[in-house]
Structures are given as structure tokens and as C-alpha cells.
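Chemist: Next up, upload-v3.cif (mmCIF, C-alpha atoms).
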data_final
#
loop_
_atom_site.label_atom_id
_atom_site.label_comp_id
_atom_site.auth_asym_id
_atom_site.auth_seq_id
_atom_site.Cartn_x
_atom_site.Cartn_y
_atom_site.Cartn_z
CA MET A 657 96.21 75.53 74.95
CA TYR A 658 97.46 77.29 78.02
CA GLY A 659 95.03 78.36 80.72
CA GLU A 660 95.27 81.57 82.66
CA VAL A 661 96.90 81.29 86.05
CA ASN A 662 95.64 83.52 88.84
CA THR A 663 98.37 85.02 90.98
CA TYR A 664 98.30 87.24 94.03
CA ASP A 665 100.92 89.76 95.10
CA ILE A 666 101.24 89.64 98.88
CA VAL A 667 102.24 92.93 100.51
CA PHE A 668 101.99 93.86 104.18
CA TYR A 669 101.33 97.52 105.01
CA TYR A 670 102.19 98.28 108.62
CA LYS A 671 100.78 101.17 110.64
CA ASN A 672 104.29 102.63 110.98
CA GLY A 673 104.52 103.36 107.21
CA VAL A 674 106.66 100.32 106.35
CA SER A 675 105.67 97.83 103.67
CA PHE A 676 106.96 94.29 103.18
CA ASN A 677 106.44 92.60 99.80
CA ILE A 678 106.80 88.87 100.15
CA GLY A 679 106.16 88.03 96.52
CA THR A 680 103.58 86.51 94.25
CA ALA A 681 101.53 83.49 95.23
CA THR A 682 99.88 81.10 92.80
CA GLU A 683 96.26 80.08 93.30
CA LYS A 684 97.43 76.95 95.14
CA GLU A 685 99.87 78.88 97.35
CA PHE A 686 97.19 81.46 98.10
CA GLY A 687 94.97 78.62 99.29
CA GLU A 688 97.71 77.76 101.80
CA LEU A 689 98.45 81.38 102.68
CA ASP A 690 99.72 80.79 106.22
CA ASN A 691 102.42 78.42 104.99
CA PHE A 692 103.34 80.65 102.03
CA ILE A 693 103.73 83.74 104.24
CA ARG A 694 105.66 81.91 106.95
CA LYS A 695 108.16 80.52 104.42
CA LYS A 696 108.57 83.70 102.32
CA ALA A 697 108.79 86.05 105.31
CA ILE A 698 111.78 84.13 106.64
CA GLU A 699 113.36 83.75 103.19
CA LEU A 700 113.01 87.44 102.18
CA ARG A 701 113.36 89.20 105.52
CA ASP A 702 116.95 90.37 104.95
CA ASP A 703 116.48 91.24 101.26
CA LYS A 704 116.19 95.04 101.25
CA ILE A 705 114.40 95.28 97.92
CA ASN A 706 111.30 93.69 99.47
CA TRP A 707 110.91 96.50 101.99
CA GLY A 708 109.40 99.89 101.22
CA LEU A 709 107.73 102.92 102.69
CA TYR A 710 104.32 104.41 102.18
CA GLN A 711 102.57 107.59 103.22
CA ILE A 712 98.88 108.43 103.29
CA ASN A 713 97.61 112.01 103.22
CA LYS A 714 93.80 112.22 103.32
CA ASN A 715 92.80 109.82 100.52
CA LYS A 716 96.12 109.98 98.59
CA ILE A 717 98.86 107.36 98.92
CA ILE A 718 102.50 107.27 97.84
CA TRP A 719 104.37 103.97 98.04
CA GLU A 720 108.10 103.65 97.35
CA GLY A 721 110.42 100.70 97.03
CA TRP A 722 114.18 100.85 97.29
CA ASN A 723 117.17 99.36 95.56
CA THR A 724 120.69 100.23 96.67
CA SER A 725 122.07 99.95 93.12
CA ILE A 726 120.41 103.20 91.97
CA GLY A 727 122.35 105.50 94.29
CA GLY A 728 121.77 109.17 94.88
CA GLY A 729 119.05 108.58 97.45
CA LEU A 730 116.34 107.86 94.90
CA PRO A 731 113.80 105.07 95.23
CA LYS A 732 113.78 102.27 92.65
CA TRP A 733 110.09 102.93 92.04
CA ARG A 734 107.24 105.08 93.26
CA ALA A 735 103.53 104.35 92.97
CA GLU A 736 100.92 107.03 93.53
CA GLY A 737 97.19 106.65 93.89
CA TYR A 738 94.19 107.04 96.13
CA ILE A 739 92.22 105.19 98.79
CA HIS A 740 89.02 104.06 97.07
CA ASN A 741 87.35 102.67 100.21
CA ASP A 742 88.28 100.88 103.45
CA SER A 743 89.44 97.78 101.58
CA THR A 744 90.78 99.06 98.22
CA ILE A 745 93.67 101.23 97.03
CA VAL A 746 93.90 102.30 93.40
CA PHE A 747 97.36 103.11 92.02
CA ASN A 748 97.23 105.14 88.79
CA ARG A 749 100.74 106.56 88.43
CA ASN A 750 104.02 104.68 88.55
CA ILE A 751 107.56 106.05 88.27
CA ILE A 752 110.52 103.73 87.64
CA TYR A 753 113.97 105.16 88.43
CA ASP A 754 116.13 102.75 86.41
CA ASP A 755 117.92 105.85 85.16
CA LYS A 756 117.91 108.60 87.79
CA TRP A 757 118.10 111.34 85.14
CA PHE A 758 115.28 110.00 82.95
CA PRO A 759 112.66 108.21 85.05
CA LYS A 760 109.94 106.23 83.26
CA VAL A 761 106.48 107.50 84.13
CA LYS A 762 103.39 105.39 83.52
CA GLU A 763 100.01 107.07 83.99
CA GLY A 764 96.42 106.42 83.06
CA TYR A 765 96.17 102.84 84.30
CA GLU A 766 94.62 101.38 87.41
CA SER A 767 96.24 98.82 89.64
CA LEU A 768 94.03 97.67 92.49
CA ILE A 769 95.12 96.47 95.90
CA HIS A 770 92.50 94.78 98.04
CA PHE A 771 93.02 94.59 101.79
CA TYR A 772 92.43 91.57 103.95
CA LYS A 773 93.13 91.38 107.64
CA PHE A 774 95.85 88.87 108.38
CA SER A 775 97.22 87.96 111.76
CA PRO A 776 99.84 87.51 112.88
CA LYS A 777 101.79 89.63 110.41
CA PRO A 778 105.53 89.07 109.97
CA ASP A 779 107.62 91.35 112.18
CA SER A 780 108.12 94.75 110.53
CA THR A 781 111.42 95.58 112.21
CA ASN A 782 114.38 95.53 109.84
CA ASN A 783 117.80 97.04 109.38
CA PHE A 784 118.17 99.35 106.39
CA THR A 785 121.69 100.47 107.32
CA ASN A 786 123.54 97.24 106.50
#
Translate this file's structure into C-alpha cells.
Modeler:
Amino acid sequence: MYGEVNTYDIVFYYKNGVSFNIGTATEKEFGELDNFIRKKAIELRDDKINWGLYQINKNKIIWEGWNTSIGGGLPKWRAEGYIHNDSTIVFNRNIIYDDKWFPKVKEGYESLIHFYKFSPKPDSTNNFTN
């Protein structure tokens, strides 16, 4: 019998509207979060698909991630939702642009993101032009 494994997606949201997704941590890795973040931040820093942008307008949020293989200036994906409270975002609409003419839209679900203060955060400066 296989047991369920808890995992945690680690994403940094910076005040300048940039996001940095450093991947999924297992329960054990989450218990050693400082080491996990330090290692992954260095490893993934130059990988453009881990960087994204977000925008908040009142209690609404749009978060986009990029992939240079799509072309045409479209994001790879777009998540839309709302700010539930000062520590929780709820995403309830997701658009995947695998095919720029026929995006896949998923609605009617809830994906929760819970905020925790973490310091120091990895540096948010990057180079999207290379």
C-alpha cells in the first residue's frame, strides 16, 4: 500500500510584481526549507520558465508564467483568482496556452496559496532578454 506524500510548491511573490517558482518540496525538504530554497534558487535562477509576473487589482490577482517556445508574445499559462485574506490567495481559473489558437481553460476549481514570511528571499533580479 502506498501512503500519500505531502508536497509543497514554493513560489516567491516579490513586491515588484515578479514571481519565482523554485519547485515542489517534499515533507522532508519542507522541514529543511532554508537548505531547499538556497539550493533550488541557485539551480533554477537562470531557467526562464521559473519566473513569472503577477498583478493585483483590489482583491483580484492575475499570475502568468512564460515559456519562450510558445512564441507570439503569449504566456505559457495564466492563473486568475482573488485575495481571500492577508495570508491566502484562491485561484479559480487557469488558462494553458499550449496551442496559442485554442487555449485550454479550466474553471470552477479552487487552488489555494498560503503565504508565509520568509527572509531572506532569493534575489528577484533576472535577465529576460537572453
Chemist: Measuring between all atoms listed in the file, which one of A:Thr781, A:Gly764, A:Trp722, A:Lys671 shows the shortest distance to Ile752 (chain A)?
Modeler: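 So, comparing all the options, the nearest one is A:Trp722.
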Chemist: Counting all atoms listed in the file, what is within 6 Å of Ile718 (chain A), bar same-chain residues fewer than 4 positions away, as an mmCIF file with C-alpha atoms, in the frame of the given file?
Modeler:
data_model
loop_
_atom_site.group_PDB
_atom_site.id
_atom_site.type_symbol
_atom_site.label_atom_id
_atom_site.label_comp_id
_atom_site.auth_asym_id
_atom_site.auth_seq_id
_atom_site.Cartn_x
_atom_site.Cartn_y
_atom_site.Cartn_z
ATOM 1 C CA TYR A 710 104.320 104.410 102.180
ATOM 2 C CA GLN A 711 102.570 107.590 103.220
ATOM 3 C CA ALA A 735 103.530 104.350 92.970
ATOM 4 C CA GLU A 736 100.920 107.030 93.530
#
Chemist: Find the residue from A:Ser780, A:Asn691, A:Ser775, A:Asn741 that sits nearest to Lys714 (chain A); use only C-alpha atoms when measuring.
Modeler: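 The answer is A:Asn741, which sits nearest to Lys714 (chain A).
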Chemist: Can you spell out as an NGL selection string the set of residues that the PyMOL selection byres ((chain A and resi 753-758) around 6) selects in the structure I just provided?
Modeler: :A and (732-733 or 752 or 759)
Chemist: On this structure, which residues satisfy the PyMOL selection byres ((chain A and resi 720) around 6), written as a PyMOL selection string?
Modeler: chain A and resi 708-709+719+721+733-734
Chemist: Going by the chain IDs and residue numbers used in this file, which residues fall under the PyMOL selection byres ((chain A and resi 696) around 12)? Write them as a PyMOL selection string.
Modeler: chain A and resi 666-667+676-681+685+689-695+697-703+706+778
Chemist: I'd like to know which of A:Tyr670, A:Arg749, A:Asp742, A:Lys716 is closest to Lys777 (chain A), using only C-alpha atoms.
Modeler: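 Nearest candidate to Lys777 (chain A) out of A:Tyr670, A:Arg749, A:Asp742, A:Lys716: A:Tyr670.
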Chemist: Determine the nearest neighbour of Val661 (chain A) from the options A:Ser767, A:Trp707, A:Ser675, A:Thr682, counting only C-alpha atoms.
Modeler: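 Using only C-alpha atoms, Val661 (chain A) sits closest to A:Thr682.
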Chemist: Need to verify the contact set: Tyr772 (chain A), 8 Å, all atoms listed in the file, exclusion of same-chain residues closer than 2 positions in sequence. Can you return it as an mmCIF file with C-alpha atoms, keeping the file's coordinate frame?
Modeler:
data_model
loop_
_atom_site.group_PDB
_atom_site.id
_atom_site.type_symbol
_atom_site.label_atom_id
_atom_site.label_comp_id
_atom_site.auth_asym_id
_atom_site.auth_seq_id
_atom_site.Cartn_x
_atom_site.Cartn_y
_atom_site.Cartn_z
ATOM 1 C CA SER A 743 89.440 97.780 101.580
ATOM 2 C CA HIS A 770 92.500 94.780 98.040
ATOM 3 C CA PHE A 774 95.850 88.870 108.380
#
Chemist: By how many Å are CA of Asn715 (chain A) and CA of Ile769 (chain A) apart?
Modeler: 14.3 Å
Chemist: Which residue out of A:Ile745, A:Ile751, A:Leu768, A:Ile712 has the minimum interatomic distance to Asn672 (chain A) when all atoms listed in the file are used?
Modeler: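 Smallest distance to Asn672 (chain A) is found for A:Ile712.
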Chemist: Do you have the CA of Lys760 (chain A)-CA of Gly737 (chain A) distance handy?
Modeler: 16.6 Å
Chemist: Can you take the partial region 738-760 of chain A, add N, CA, C and O atoms, and return it as a CSV table (one decimal), in the frame of the given file?
Modeler:
chain,number,residue,atom,x,y,z
A,738,TYR,N,95.2,106.6,95.2
A,738,TYR,CA,94.2,107.0,96.1
A,738,TYR,C,93.5,105.9,96.8
A,738,TYR,O,93.5,104.7,96.3
A,739,ILE,N,93.0,106.2,98.0
A,739,ILE,CA,92.2,105.2,98.8
A,739,ILE,C,90.8,105.2,98.3
A,739,ILE,O,90.1,106.2,98.4
A,740,HIS,N,90.4,104.1,97.7
A,740,HIS,CA,89.0,104.1,97.1
A,740,HIS,C,88.0,103.8,98.2
A,740,HIS,O,86.9,104.5,98.2
A,741,ASN,N,88.2,102.9,99.1
A,741,ASN,CA,87.4,102.7,100.2
A,741,ASN,C,88.2,102.0,101.3
A,741,ASN,O,89.4,101.9,101.2
A,742,ASP,N,87.5,101.4,102.3
A,742,ASP,CA,88.3,100.9,103.4
A,742,ASP,C,89.0,99.6,103.1
A,742,ASP,O,89.7,99.0,104.0
A,743,SER,N,88.8,99.0,101.9
A,743,SER,CA,89.4,97.8,101.6
A,743,SER,C,90.1,97.8,100.2
A,743,SER,O,90.6,96.8,99.7
A,744,THR,N,90.2,99.0,99.6
A,744,THR,CA,90.8,99.1,98.2
A,744,THR,C,91.6,100.3,98.0
A,744,THR,O,91.2,101.4,98.3
A,745,ILE,N,92.8,100.1,97.5
A,745,ILE,CA,93.7,101.2,97.0
A,745,ILE,C,93.8,101.1,95.5
A,745,ILE,O,93.9,100.0,95.0
A,746,VAL,N,93.7,102.3,94.8
A,746,VAL,CA,93.9,102.3,93.4
A,746,VAL,C,95.2,103.1,93.1
A,746,VAL,O,95.3,104.3,93.5
A,747,PHE,N,96.2,102.4,92.5
A,747,PHE,CA,97.4,103.1,92.0
A,747,PHE,C,97.2,103.4,90.6
A,747,PHE,O,96.7,102.6,89.8
A,748,ASN,N,97.5,104.7,90.2
A,748,ASN,CA,97.2,105.1,88.8
A,748,ASN,C,98.4,105.9,88.2
A,748,ASN,O,98.3,106.5,87.1
A,749,ARG,N,99.5,105.9,88.9
A,749,ARG,CA,100.7,106.6,88.4
A,749,ARG,C,101.9,105.8,89.0
A,749,ARG,O,102.0,105.5,90.2
A,750,ASN,N,102.9,105.5,88.1
A,750,ASN,CA,104.0,104.7,88.6
A,750,ASN,C,105.3,105.3,87.9
A,750,ASN,O,105.3,105.6,86.7
A,751,ILE,N,106.3,105.5,88.7
A,751,ILE,CA,107.6,106.0,88.3
A,751,ILE,C,108.7,105.0,88.6
A,751,ILE,O,108.8,104.6,89.7
A,752,ILE,N,109.4,104.7,87.5
A,752,ILE,CA,110.5,103.7,87.6
A,752,ILE,C,111.8,104.5,87.5
A,752,ILE,O,112.0,105.2,86.5
A,753,TYR,N,112.7,104.4,88.4
A,753,TYR,CA,114.0,105.2,88.4
A,753,TYR,C,115.1,104.3,88.0
A,753,TYR,O,116.2,104.2,88.7
A,754,ASP,N,115.0,103.5,86.9
A,754,ASP,CA,116.1,102.8,86.4
A,754,ASP,C,117.3,103.7,86.0
A,754,ASP,O,118.4,103.3,86.1
A,755,ASP,N,116.9,104.8,85.5
A,755,ASP,CA,117.9,105.8,85.2
A,755,ASP,C,117.5,107.1,85.9
A,755,ASP,O,116.5,107.7,85.7
A,756,LYS,N,118.3,107.5,86.9
A,756,LYS,CA,117.9,108.6,87.8
A,756,LYS,C,117.7,109.9,87.1
A,756,LYS,O,117.1,110.8,87.6
A,757,TRP,N,118.3,110.1,85.9
A,757,TRP,CA,118.1,111.3,85.1
A,757,TRP,C,116.9,111.3,84.3
A,757,TRP,O,116.3,112.4,83.9
A,758,PHE,N,116.4,110.1,83.8
A,758,PHE,CA,115.3,110.0,83.0
A,758,PHE,C,114.3,108.9,83.5
A,758,PHE,O,114.3,107.8,82.9
A,759,PRO,N,113.6,109.2,84.5
A,759,PRO,CA,112.7,108.2,85.0
A,759,PRO,C,111.6,107.9,84.0
A,759,PRO,O,111.2,108.7,83.2
A,760,LYS,N,111.1,106.7,84.1
A,760,LYS,CA,109.9,106.2,83.3
A,760,LYS,C,108.7,106.4,84.0
A,760,LYS,O,108.5,105.9,85.2
